[in-house]
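Q: Structure file protein-v3.cif (mmCIF, N, CA and C atoms) right here:
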data_target
loop_
_atom_site.label_atom_id
_atom_site.label_comp_id
_atom_site.auth_asym_id
_atom_site.auth_seq_id
_atom_site.Cartn_x
_atom_site.Cartn_y
_atom_site.Cartn_z
N MET S 1 0.85 -1.18 0.00
CA MET S 1 0.00 0.00 0.00
C MET S 1 0.88 1.24 0.00
N PRO S 2 0.65 2.19 -0.92
CA PRO S 2 1.49 3.39 -0.97
C PRO S 2 1.41 4.20 0.31
N ARG S 3 2.52 4.80 0.64
CA ARG S 3 2.63 5.62 1.84
C ARG S 3 1.82 6.90 1.66
N LYS S 4 1.17 7.36 2.75
CA LYS S 4 0.47 8.63 2.72
C LYS S 4 1.51 9.74 2.58
N LYS S 5 1.24 10.67 1.67
CA LYS S 5 2.20 11.74 1.42
C LYS S 5 2.20 12.74 2.57
N GLN S 6 3.36 12.94 3.15
CA GLN S 6 3.54 13.89 4.23
C GLN S 6 3.64 15.29 3.64
N VAL S 7 3.12 16.28 4.35
CA VAL S 7 3.22 17.67 3.91
C VAL S 7 4.53 18.23 4.45
N HIS S 8 5.43 18.57 3.52
CA HIS S 8 6.69 19.19 3.90
C HIS S 8 6.55 20.70 3.72
N THR S 9 6.93 21.46 4.74
CA THR S 9 6.71 22.90 4.72
C THR S 9 7.86 23.69 4.09
N SER S 10 8.90 22.98 3.65
CA SER S 10 10.01 23.66 2.96
C SER S 10 10.66 22.68 1.99
N ALA S 11 11.34 23.25 1.01
CA ALA S 11 12.09 22.42 0.08
C ALA S 11 13.20 21.67 0.81
N GLU S 12 13.78 22.29 1.82
CA GLU S 12 14.85 21.65 2.59
C GLU S 12 14.33 20.40 3.30
N GLU S 13 13.12 20.46 3.85
CA GLU S 13 12.52 19.28 4.49
C GLU S 13 12.33 18.15 3.47
N THR S 14 11.83 18.52 2.30
CA THR S 14 11.62 17.53 1.25
C THR S 14 12.95 16.91 0.84
N GLU S 15 13.97 17.74 0.73
CA GLU S 15 15.28 17.23 0.35
C GLU S 15 15.85 16.28 1.39
N MET S 16 15.70 16.61 2.66
CA MET S 16 16.17 15.71 3.72
C MET S 16 15.44 14.37 3.63
N ALA S 17 14.13 14.41 3.38
CA ALA S 17 13.35 13.18 3.25
C ALA S 17 13.78 12.39 2.01
N PHE S 18 14.15 13.09 0.93
CA PHE S 18 14.62 12.46 -0.30
C PHE S 18 15.89 11.64 -0.04
N TYR S 19 16.88 12.25 0.59
CA TYR S 19 18.13 11.55 0.87
C TYR S 19 17.93 10.44 1.90
N ASP S 20 17.03 10.64 2.84
CA ASP S 20 16.71 9.58 3.81
C ASP S 20 16.10 8.38 3.09
N ALA S 21 15.17 8.62 2.16
CA ALA S 21 14.54 7.53 1.41
C ALA S 21 15.58 6.78 0.58
N ILE S 22 16.50 7.50 -0.03
CA ILE S 22 17.57 6.85 -0.81
C ILE S 22 18.43 5.99 0.11
N ASN S 23 18.84 6.55 1.22
CA ASN S 23 19.72 5.82 2.14
C ASN S 23 19.05 4.58 2.73
N ARG S 24 17.72 4.58 2.81
CA ARG S 24 16.98 3.42 3.34
C ARG S 24 16.45 2.52 2.23
N ALA S 25 16.63 2.92 0.96
CA ALA S 25 16.09 2.18 -0.19
C ALA S 25 14.58 1.98 -0.04
N ASP S 26 13.89 3.06 0.33
CA ASP S 26 12.45 3.02 0.58
C ASP S 26 11.71 3.62 -0.61
N ILE S 27 11.22 2.78 -1.52
CA ILE S 27 10.58 3.25 -2.74
C ILE S 27 9.30 4.03 -2.47
N ASP S 28 8.50 3.59 -1.51
CA ASP S 28 7.25 4.31 -1.23
C ASP S 28 7.52 5.70 -0.66
N ALA S 29 8.50 5.79 0.25
CA ALA S 29 8.87 7.10 0.79
C ALA S 29 9.42 7.99 -0.31
N MET S 30 10.22 7.42 -1.21
CA MET S 30 10.79 8.18 -2.33
C MET S 30 9.68 8.75 -3.22
N MET S 31 8.78 7.91 -3.65
CA MET S 31 7.77 8.34 -4.61
C MET S 31 6.74 9.29 -3.99
N ALA S 32 6.57 9.24 -2.67
CA ALA S 32 5.65 10.15 -1.99
C ALA S 32 6.15 11.59 -2.03
N LEU S 33 7.43 11.79 -2.37
CA LEU S 33 8.02 13.13 -2.39
C LEU S 33 7.86 13.86 -3.72
N TRP S 34 7.47 13.14 -4.76
CA TRP S 34 7.40 13.73 -6.09
C TRP S 34 6.07 14.46 -6.29
N ALA S 35 6.11 15.50 -7.11
CA ALA S 35 4.90 16.25 -7.46
C ALA S 35 3.93 15.29 -8.15
N GLU S 36 2.67 15.58 -8.08
CA GLU S 36 1.64 14.68 -8.63
C GLU S 36 1.52 14.77 -10.15
N GLU S 37 2.02 15.83 -10.76
CA GLU S 37 1.92 15.99 -12.20
C GLU S 37 2.77 14.94 -12.91
N GLU S 38 2.37 14.57 -14.10
CA GLU S 38 3.12 13.58 -14.88
C GLU S 38 4.34 14.17 -15.58
N GLU S 39 4.55 15.47 -15.50
CA GLU S 39 5.68 16.11 -16.17
C GLU S 39 6.95 16.06 -15.34
N ILE S 40 6.95 15.34 -14.22
CA ILE S 40 8.16 15.24 -13.41
C ILE S 40 9.26 14.55 -14.20
N VAL S 41 10.52 14.91 -13.89
CA VAL S 41 11.66 14.41 -14.66
C VAL S 41 12.76 13.93 -13.70
N CYS S 42 13.39 12.82 -14.08
CA CYS S 42 14.52 12.29 -13.32
C CYS S 42 15.59 11.84 -14.31
N ILE S 43 16.82 12.26 -14.06
CA ILE S 43 17.96 11.84 -14.88
C ILE S 43 19.04 11.34 -13.93
N HIS S 44 19.31 10.04 -14.00
CA HIS S 44 20.37 9.43 -13.19
C HIS S 44 21.70 9.59 -13.94
N PRO S 45 22.83 9.52 -13.23
CA PRO S 45 24.14 9.66 -13.88
C PRO S 45 24.31 8.70 -15.05
N GLY S 46 24.62 9.24 -16.21
CA GLY S 46 24.88 8.43 -17.40
C GLY S 46 23.66 7.78 -18.01
N ALA S 47 22.48 8.18 -17.60
CA ALA S 47 21.25 7.53 -18.07
C ALA S 47 20.38 8.50 -18.87
N SER S 48 19.36 7.97 -19.49
CA SER S 48 18.41 8.76 -20.26
C SER S 48 17.44 9.50 -19.36
N ARG S 49 16.78 10.48 -19.93
CA ARG S 49 15.76 11.26 -19.22
C ARG S 49 14.52 10.40 -19.02
N LEU S 50 14.00 10.40 -17.80
CA LEU S 50 12.78 9.69 -17.46
C LEU S 50 11.69 10.71 -17.16
N ILE S 51 10.51 10.51 -17.72
CA ILE S 51 9.41 11.44 -17.50
C ILE S 51 8.22 10.66 -16.96
N GLY S 52 7.63 11.15 -15.89
CA GLY S 52 6.43 10.55 -15.33
C GLY S 52 6.69 9.57 -14.19
N HIS S 53 5.66 9.35 -13.40
CA HIS S 53 5.76 8.52 -12.19
C HIS S 53 6.18 7.09 -12.48
N ALA S 54 5.59 6.44 -13.47
CA ALA S 54 5.88 5.02 -13.72
C ALA S 54 7.35 4.81 -14.08
N ALA S 55 7.89 5.62 -14.97
CA ALA S 55 9.28 5.47 -15.40
C ALA S 55 10.23 5.78 -14.25
N ILE S 56 9.93 6.82 -13.49
CA ILE S 56 10.80 7.21 -12.37
C ILE S 56 10.78 6.15 -11.28
N ARG S 57 9.59 5.67 -10.96
CA ARG S 57 9.47 4.61 -9.95
C ARG S 57 10.26 3.37 -10.37
N ALA S 58 10.12 2.94 -11.61
CA ALA S 58 10.82 1.75 -12.09
C ALA S 58 12.33 1.92 -11.97
N SER S 59 12.84 3.12 -12.25
CA SER S 59 14.28 3.34 -12.17
C SER S 59 14.77 3.25 -10.74
N TRP S 60 14.04 3.86 -9.79
CA TRP S 60 14.45 3.79 -8.38
C TRP S 60 14.30 2.37 -7.85
N GLU S 61 13.28 1.64 -8.29
CA GLU S 61 13.13 0.24 -7.86
C GLU S 61 14.34 -0.58 -8.28
N ALA S 62 14.82 -0.35 -9.51
CA ALA S 62 16.00 -1.07 -10.00
C ALA S 62 17.24 -0.70 -9.18
N ILE S 63 17.38 0.56 -8.84
CA ILE S 63 18.52 1.00 -8.02
C ILE S 63 18.43 0.39 -6.63
N PHE S 64 17.24 0.44 -6.02
CA PHE S 64 17.06 -0.06 -4.66
C PHE S 64 17.14 -1.59 -4.60
N ALA S 65 16.90 -2.28 -5.70
CA ALA S 65 17.00 -3.74 -5.72
C ALA S 65 18.42 -4.20 -5.39
N ARG S 66 19.39 -3.33 -5.62
CA ARG S 66 20.79 -3.64 -5.31
C ARG S 66 21.14 -3.24 -3.88
N GLY S 67 20.17 -2.73 -3.12
CA GLY S 67 20.39 -2.31 -1.74
C GLY S 67 20.39 -0.80 -1.63
N SER S 68 20.55 -0.32 -0.42
CA SER S 68 20.52 1.12 -0.20
C SER S 68 21.76 1.77 -0.81
N VAL S 69 21.63 3.05 -1.08
CA VAL S 69 22.72 3.84 -1.63
C VAL S 69 23.07 4.88 -0.57
N HIS S 70 24.33 4.97 -0.21
CA HIS S 70 24.72 5.90 0.84
C HIS S 70 25.26 7.18 0.20
N ILE S 71 24.41 8.20 0.21
CA ILE S 71 24.74 9.49 -0.40
C ILE S 71 24.72 10.55 0.69
N ARG S 72 25.75 11.37 0.67
CA ARG S 72 25.84 12.47 1.64
C ARG S 72 25.96 13.78 0.86
N PRO S 73 24.91 14.64 0.95
CA PRO S 73 25.05 15.96 0.32
C PRO S 73 26.09 16.77 1.08
N ILE S 74 27.10 17.29 0.37
CA ILE S 74 28.17 17.99 1.08
C ILE S 74 28.27 19.47 0.74
N LEU S 75 27.61 19.91 -0.32
CA LEU S 75 27.69 21.32 -0.68
C LEU S 75 26.40 21.70 -1.38
N LEU S 76 25.70 22.66 -0.83
CA LEU S 76 24.42 23.07 -1.38
C LEU S 76 24.47 24.53 -1.79
N HIS S 77 23.98 24.78 -2.99
CA HIS S 77 23.73 26.16 -3.45
C HIS S 77 22.25 26.20 -3.79
N ALA S 78 21.48 27.07 -3.12
CA ALA S 78 20.03 27.10 -3.31
C ALA S 78 19.57 28.47 -3.79
N THR S 79 18.58 28.45 -4.67
CA THR S 79 17.91 29.65 -5.15
C THR S 79 16.42 29.44 -4.94
N HIS S 80 15.76 30.41 -4.32
CA HIS S 80 14.35 30.25 -3.96
C HIS S 80 13.51 31.39 -4.51
N ASN S 81 12.24 31.10 -4.73
CA ASN S 81 11.22 32.14 -4.83
C ASN S 81 9.99 31.59 -4.13
N VAL S 82 8.86 32.23 -4.27
CA VAL S 82 7.68 31.83 -3.52
C VAL S 82 7.21 30.41 -3.86
N MET S 83 7.30 30.01 -5.11
CA MET S 83 6.72 28.74 -5.55
C MET S 83 7.72 27.67 -5.97
N THR S 84 8.99 28.03 -6.14
CA THR S 84 9.99 27.05 -6.55
C THR S 84 11.28 27.22 -5.77
N SER S 85 12.03 26.14 -5.71
CA SER S 85 13.33 26.18 -5.06
C SER S 85 14.25 25.28 -5.88
N MET S 86 15.40 25.83 -6.29
CA MET S 86 16.35 25.08 -7.08
C MET S 86 17.60 24.85 -6.23
N HIS S 87 17.95 23.58 -6.06
CA HIS S 87 19.10 23.20 -5.26
C HIS S 87 20.14 22.54 -6.15
N ASN S 88 21.35 23.07 -6.14
CA ASN S 88 22.47 22.44 -6.82
C ASN S 88 23.37 21.91 -5.72
N ILE S 89 23.67 20.61 -5.81
CA ILE S 89 24.33 19.92 -4.71
C ILE S 89 25.52 19.13 -5.22
N VAL S 90 26.57 19.08 -4.42
CA VAL S 90 27.64 18.11 -4.62
C VAL S 90 27.33 16.98 -3.65
N GLU S 91 27.20 15.78 -4.19
CA GLU S 91 26.92 14.60 -3.37
C GLU S 91 28.18 13.75 -3.29
N GLU S 92 28.38 13.17 -2.13
CA GLU S 92 29.47 12.22 -1.95
C GLU S 92 28.84 10.83 -1.81
N VAL S 93 29.23 9.93 -2.71
CA VAL S 93 28.72 8.57 -2.70
C VAL S 93 29.88 7.65 -2.38
N GLN S 94 29.71 6.83 -1.37
CA GLN S 94 30.78 5.91 -1.00
C GLN S 94 30.48 4.54 -1.58
N ARG S 95 31.48 3.94 -2.19
CA ARG S 95 31.33 2.59 -2.73
C ARG S 95 32.67 1.89 -2.62
N ASN S 96 32.63 0.58 -2.72
CA ASN S 96 33.86 -0.21 -2.69
C ASN S 96 34.28 -0.50 -4.12
N ASN S 97 35.57 -0.37 -4.40
CA ASN S 97 36.07 -0.71 -5.74
C ASN S 97 36.39 -2.20 -5.79
N THR S 98 36.92 -2.66 -6.89
CA THR S 98 37.18 -4.09 -7.08
C THR S 98 38.23 -4.64 -6.13
N LEU S 99 39.02 -3.79 -5.52
CA LEU S 99 40.02 -4.22 -4.56
C LEU S 99 39.50 -4.15 -3.12
N SER S 100 38.18 -3.96 -2.97
CA SER S 100 37.52 -3.84 -1.67
C SER S 100 38.02 -2.64 -0.87
N GLU S 101 38.50 -1.64 -1.59
CA GLU S 101 38.89 -0.39 -0.94
C GLU S 101 37.76 0.60 -1.12
N GLN S 102 37.55 1.42 -0.10
CA GLN S 102 36.48 2.40 -0.20
C GLN S 102 36.91 3.54 -1.11
N GLN S 103 36.00 3.97 -1.96
CA GLN S 103 36.29 5.02 -2.93
C GLN S 103 35.12 6.01 -2.90
N ASP S 104 35.42 7.30 -2.80
CA ASP S 104 34.38 8.32 -2.84
C ASP S 104 34.17 8.78 -4.27
N VAL S 105 32.94 8.85 -4.67
CA VAL S 105 32.56 9.36 -5.98
C VAL S 105 31.73 10.60 -5.72
N HIS S 106 31.96 11.64 -6.50
CA HIS S 106 31.18 12.86 -6.36
C HIS S 106 30.20 12.99 -7.52
N ILE S 107 28.98 13.35 -7.17
CA ILE S 107 27.89 13.52 -8.13
C ILE S 107 27.43 14.98 -8.06
N LEU S 108 27.23 15.58 -9.22
CA LEU S 108 26.67 16.93 -9.29
C LEU S 108 25.18 16.77 -9.54
N THR S 109 24.37 17.36 -8.69
CA THR S 109 22.93 17.15 -8.73
C THR S 109 22.18 18.47 -8.69
N THR S 110 21.11 18.53 -9.46
CA THR S 110 20.16 19.63 -9.38
C THR S 110 18.81 19.05 -9.03
N ASN S 111 18.23 19.54 -7.96
CA ASN S 111 16.88 19.16 -7.55
C ASN S 111 16.02 20.41 -7.61
N ILE S 112 14.89 20.31 -8.28
CA ILE S 112 13.96 21.44 -8.33
C ILE S 112 12.68 21.02 -7.60
N TYR S 113 12.27 21.87 -6.68
CA TYR S 113 11.09 21.64 -5.86
C TYR S 113 10.03 22.67 -6.21
N VAL S 114 8.77 22.24 -6.14
CA VAL S 114 7.65 23.16 -6.37
C VAL S 114 6.75 23.14 -5.14
N LYS S 115 6.21 24.30 -4.83
CA LYS S 115 5.29 24.41 -3.70
C LYS S 115 3.89 24.09 -4.22
N THR S 116 3.25 23.12 -3.61
CA THR S 116 1.90 22.72 -4.00
C THR S 116 0.96 22.90 -2.82
N ALA S 117 -0.31 22.68 -3.05
CA ALA S 117 -1.28 22.74 -1.96
C ALA S 117 -0.99 21.66 -0.91
N LYS S 118 -0.22 20.64 -1.28
CA LYS S 118 0.11 19.54 -0.38
C LYS S 118 1.56 19.60 0.08
N GLY S 119 2.16 20.78 0.04
CA GLY S 119 3.54 20.94 0.50
C GLY S 119 4.53 20.97 -0.65
N TRP S 120 5.81 21.01 -0.31
CA TRP S 120 6.89 21.06 -1.30
C TRP S 120 7.15 19.67 -1.85
N ARG S 121 7.23 19.58 -3.17
CA ARG S 121 7.44 18.30 -3.85
C ARG S 121 8.55 18.42 -4.89
N ILE S 122 9.12 17.28 -5.26
CA ILE S 122 10.18 17.23 -6.27
C ILE S 122 9.56 17.29 -7.66
N ALA S 123 10.07 18.18 -8.50
CA ALA S 123 9.65 18.24 -9.91
C ALA S 123 10.74 17.70 -10.82
N LEU S 124 12.02 17.85 -10.38
CA LEU S 124 13.14 17.38 -11.20
C LEU S 124 14.30 16.97 -10.31
N HIS S 125 14.91 15.85 -10.68
CA HIS S 125 16.16 15.39 -10.07
C HIS S 125 17.08 15.05 -11.23
N HIS S 126 18.21 15.75 -11.33
CA HIS S 126 19.16 15.53 -12.42
C HIS S 126 20.54 15.36 -11.80
N ALA S 127 21.13 14.18 -11.99
CA ALA S 127 22.43 13.89 -11.40
C ALA S 127 23.41 13.43 -12.46
N SER S 128 24.67 13.87 -12.31
CA SER S 128 25.72 13.43 -13.23
C SER S 128 27.02 13.28 -12.44
N ILE S 129 27.87 12.39 -12.90
CA ILE S 129 29.15 12.17 -12.24
C ILE S 129 30.04 13.39 -12.47
N ALA S 130 30.64 13.87 -11.40
CA ALA S 130 31.51 15.03 -11.50
C ALA S 130 32.78 14.64 -12.24
N PRO S 131 33.19 15.45 -13.23
CA PRO S 131 34.44 15.16 -13.92
C PRO S 131 35.62 15.48 -12.99
N GLY S 132 36.57 14.59 -12.92
CA GLY S 132 37.73 14.84 -12.07
C GLY S 132 37.33 14.91 -10.62
N LYS S 133 37.95 15.78 -9.88
CA LYS S 133 37.62 15.96 -8.46
C LYS S 133 36.64 17.11 -8.33
N ALA S 134 35.50 16.83 -7.73
CA ALA S 134 34.45 17.85 -7.57
C ALA S 134 34.86 18.88 -6.54
N GLN S 135 34.37 20.07 -6.74
CA GLN S 135 34.55 21.14 -5.76
C GLN S 135 33.79 20.73 -4.51
N THR S 136 34.44 20.73 -3.36
CA THR S 136 33.79 20.32 -2.13
C THR S 136 33.71 21.45 -1.10
N GLU S 137 34.02 22.66 -1.53
CA GLU S 137 33.82 23.82 -0.66
C GLU S 137 33.37 24.99 -1.52
N GLU S 138 32.62 25.87 -0.89
CA GLU S 138 32.03 27.00 -1.59
C GLU S 138 33.12 27.95 -2.07
N LYS S 139 33.00 28.38 -3.33
CA LYS S 139 33.91 29.38 -3.89
C LYS S 139 33.07 30.48 -4.52
N ALA S 140 33.51 31.69 -4.37
CA ALA S 140 32.79 32.80 -4.96
C ALA S 140 32.99 32.79 -6.47
N ALA S 141 31.94 33.18 -7.18
CA ALA S 141 32.04 33.28 -8.65
C ALA S 141 32.95 34.44 -9.01
N PRO S 142 33.72 34.31 -10.08
CA PRO S 142 34.58 35.42 -10.48
C PRO S 142 33.74 36.60 -10.98
N VAL S 143 34.24 37.79 -10.72
CA VAL S 143 33.56 38.99 -11.18
C VAL S 143 33.94 39.22 -12.65
N LEU S 144 32.93 39.28 -13.52
CA LEU S 144 33.20 39.40 -14.95
C LEU S 144 33.17 40.85 -15.44
N HIS S 145 32.61 41.75 -14.67
CA HIS S 145 32.57 43.16 -15.08
C HIS S 145 32.45 44.09 -13.90
#
Can you dump the structure from the file as structure tokens?
A:
Amino acid sequence: MPRKKQVHTSAEETEMAFYDAINRADIDAMMALWAEEEEIVCIHPGASRLIGHAAIRASWEAIFARGSVHIRPILLHATHNVMTSMHNIVEEVQRNNTLSEQQDVHILTTNIYVKTAKGWRIALHHASIAPGKAQTEEKAAPVLH
């Protein structure tokens, strides 16, 4: 039975619940966070664009079938307005390589949240593997003029 959707009062709350669902491999908790519209979009690292609940759910089910994924957001840049919030995040993913040594992989992620009558929900999750070593601390943008 699908989980009752909790009302999150901020995009930050929704984001915390998103990473918690990933870390627990909880598909019902994950899908309860997405906006109800079918125009939602998810792009996993190195994968094609997925549109709609069925495609997104199937992709997370396949990921969770291999067990939980341990992701730690380490750097957040957020832009907000009244109805949307855009979060650009550097994620640290820990995995074991073929030599059973722990290896950190960094993922660059953009999550877009929309404010609905039922709280803040995910409209887009786009993740890609960071080329080389990802920036792990905030740096000011260069002044161009």
Q: Could you tell me, as a ChimeraX atom specification, exactly which residues end up selected when the PyMOL selection byres ((chain S and resi 105) around 7) is applied to this structure?
A: /S:91-95,103-104,106-107,130
Q: Residues at most 9 Å from region 39-41 of chain S, counting only C-alpha atoms, excluding those fewer than 2 positions away in the same chain, as a list in words?
A: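 Within the cut-off, the hits are Trp34, Ala35, Glu36, Glu37, Ile43, Arg49, Leu50, Ile51, Gly52, His53, Ile56, Ile122, Ala123, Leu124, His125 and His126 of chain S.
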Q: Going by the chain IDs and residue numbers used in this file, which residues fall under the PyMOL selection byres ((chain S and resi 33) around 6.5)? Write them as a list of chain:residue names.
A: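 What the PyMOL selection byres ((chain S and resi 33) around 6.5) grabs from the file is S:Lys5, S:Asp28, S:Ala29, S:Met30, S:Met31, S:Ala32, S:Trp34, S:Ala35, S:Trp120, S:Arg121, S:Ile122.
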Q: Hey, which of S:Ala11, S:Ala54, S:Ser68, S:Asp26 ends up closest to Glu38 (chain S)? Count only N, CA and C atoms.
A: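 Among the listed residues, S:Ala54 lies closest to Glu38 (chain S).
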Q: Quick one: distance from atom N of Asn111 (chain S) to atom C of Met86 (chain S) in Å, one decimal?
A: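 A separation of 5.6 Å between them.
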Q: Which is closest to Val7 (chain S) among S:Ser128, S:Ile74, S:Leu108, S:Gly119, if we use all atoms listed in the file?
A: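 For Val7 (chain S), the nearest of the given residues is S:Gly119.
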Q: Would you mind writing region 24-46 of chain S with N, CA, C and O atoms, as a tab-separated table (two decimals), in the frame of the given file?
A:
chain	number	residue	atom	x	y	z
S	24	ARG	N	17.72	4.58	2.81
S	24	ARG	CA	16.98	3.42	3.34
S	24	ARG	C	16.45	2.52	2.23
S	24	ARG	O	15.84	1.50	2.51
S	25	ALA	N	16.63	2.92	0.96
S	25	ALA	CA	16.09	2.18	-0.19
S	25	ALA	C	14.58	1.98	-0.04
S	25	ALA	O	14.05	0.91	-0.29
S	26	ASP	N	13.89	3.06	0.33
S	26	ASP	CA	12.45	3.02	0.58
S	26	ASP	C	11.71	3.62	-0.61
S	26	ASP	O	11.58	4.85	-0.72
S	27	ILE	N	11.22	2.78	-1.52
S	27	ILE	CA	10.58	3.25	-2.74
S	27	ILE	C	9.30	4.03	-2.47
S	27	ILE	O	9.03	5.03	-3.13
S	28	ASP	N	8.50	3.59	-1.51
S	28	ASP	CA	7.25	4.31	-1.23
S	28	ASP	C	7.52	5.70	-0.66
S	28	ASP	O	6.88	6.68	-1.05
S	29	ALA	N	8.50	5.79	0.25
S	29	ALA	CA	8.87	7.10	0.79
S	29	ALA	C	9.42	7.99	-0.31
S	29	ALA	O	9.11	9.19	-0.37
S	30	MET	N	10.22	7.42	-1.21
S	30	MET	CA	10.79	8.18	-2.33
S	30	MET	C	9.68	8.75	-3.22
S	30	MET	O	9.65	9.94	-3.51
S	31	MET	N	8.78	7.91	-3.65
S	31	MET	CA	7.77	8.34	-4.61
S	31	MET	C	6.74	9.29	-3.99
S	31	MET	O	6.15	10.10	-4.69
S	32	ALA	N	6.57	9.24	-2.67
S	32	ALA	CA	5.65	10.15	-1.99
S	32	ALA	C	6.15	11.59	-2.03
S	32	ALA	O	5.38	12.53	-1.80
S	33	LEU	N	7.43	11.79	-2.37
S	33	LEU	CA	8.02	13.13	-2.39
S	33	LEU	C	7.86	13.86	-3.72
S	33	LEU	O	8.08	15.05	-3.79
S	34	TRP	N	7.47	13.14	-4.76
S	34	TRP	CA	7.40	13.73	-6.09
S	34	TRP	C	6.07	14.46	-6.29
S	34	TRP	O	5.04	14.08	-5.74
S	35	ALA	N	6.11	15.50	-7.11
S	35	ALA	CA	4.90	16.25	-7.46
S	35	ALA	C	3.93	15.29	-8.15
S	35	ALA	O	4.34	14.28	-8.74
S	36	GLU	N	2.67	15.58	-8.08
S	36	GLU	CA	1.64	14.68	-8.63
S	36	GLU	C	1.52	14.77	-10.15
S	36	GLU	O	0.99	13.87	-10.77
S	37	GLU	N	2.02	15.83	-10.76
S	37	GLU	CA	1.92	15.99	-12.20
S	37	GLU	C	2.77	14.94	-12.91
S	37	GLU	O	3.79	14.51	-12.40
S	38	GLU	N	2.37	14.57	-14.10
S	38	GLU	CA	3.12	13.58	-14.88
S	38	GLU	C	4.34	14.17	-15.58
S	38	GLU	O	5.11	13.44	-16.18
S	39	GLU	N	4.55	15.47	-15.50
S	39	GLU	CA	5.68	16.11	-16.17
S	39	GLU	C	6.95	16.06	-15.34
S	39	GLU	O	7.95	16.67	-15.70
S	40	ILE	N	6.95	15.34	-14.22
S	40	ILE	CA	8.16	15.24	-13.41
S	40	ILE	C	9.26	14.55	-14.20
S	40	ILE	O	8.99	13.74	-15.09
S	41	VAL	N	10.52	14.91	-13.89
S	41	VAL	CA	11.66	14.41	-14.66
S	41	VAL	C	12.76	13.93	-13.70
S	41	VAL	O	13.03	14.57	-12.68
S	42	CYS	N	13.39	12.82	-14.08
S	42	CYS	CA	14.52	12.29	-13.32
S	42	CYS	C	15.59	11.84	-14.31
S	42	CYS	O	15.29	11.14	-15.28
S	43	ILE	N	16.82	12.26	-14.06
S	43	ILE	CA	17.96	11.84	-14.88
S	43	ILE	C	19.04	11.34	-13.93
S	43	ILE	O	19.60	12.11	-13.15
S	44	HIS	N	19.31	10.04	-14.00
S	44	HIS	CA	20.37	9.43	-13.19
S	44	HIS	C	21.70	9.59	-13.94
S	44	HIS	O	21.71	9.73	-15.16
S	45	PRO	N	22.83	9.52	-13.23
S	45	PRO	CA	24.14	9.66	-13.88
S	45	PRO	C	24.31	8.70	-15.05
S	45	PRO	O	24.09	7.49	-14.92
S	46	GLY	N	24.62	9.24	-16.21
S	46	GLY	CA	24.88	8.43	-17.40
S	46	GLY	C	23.66	7.78	-18.01
S	46	GLY	O	23.79	6.91	-18.86
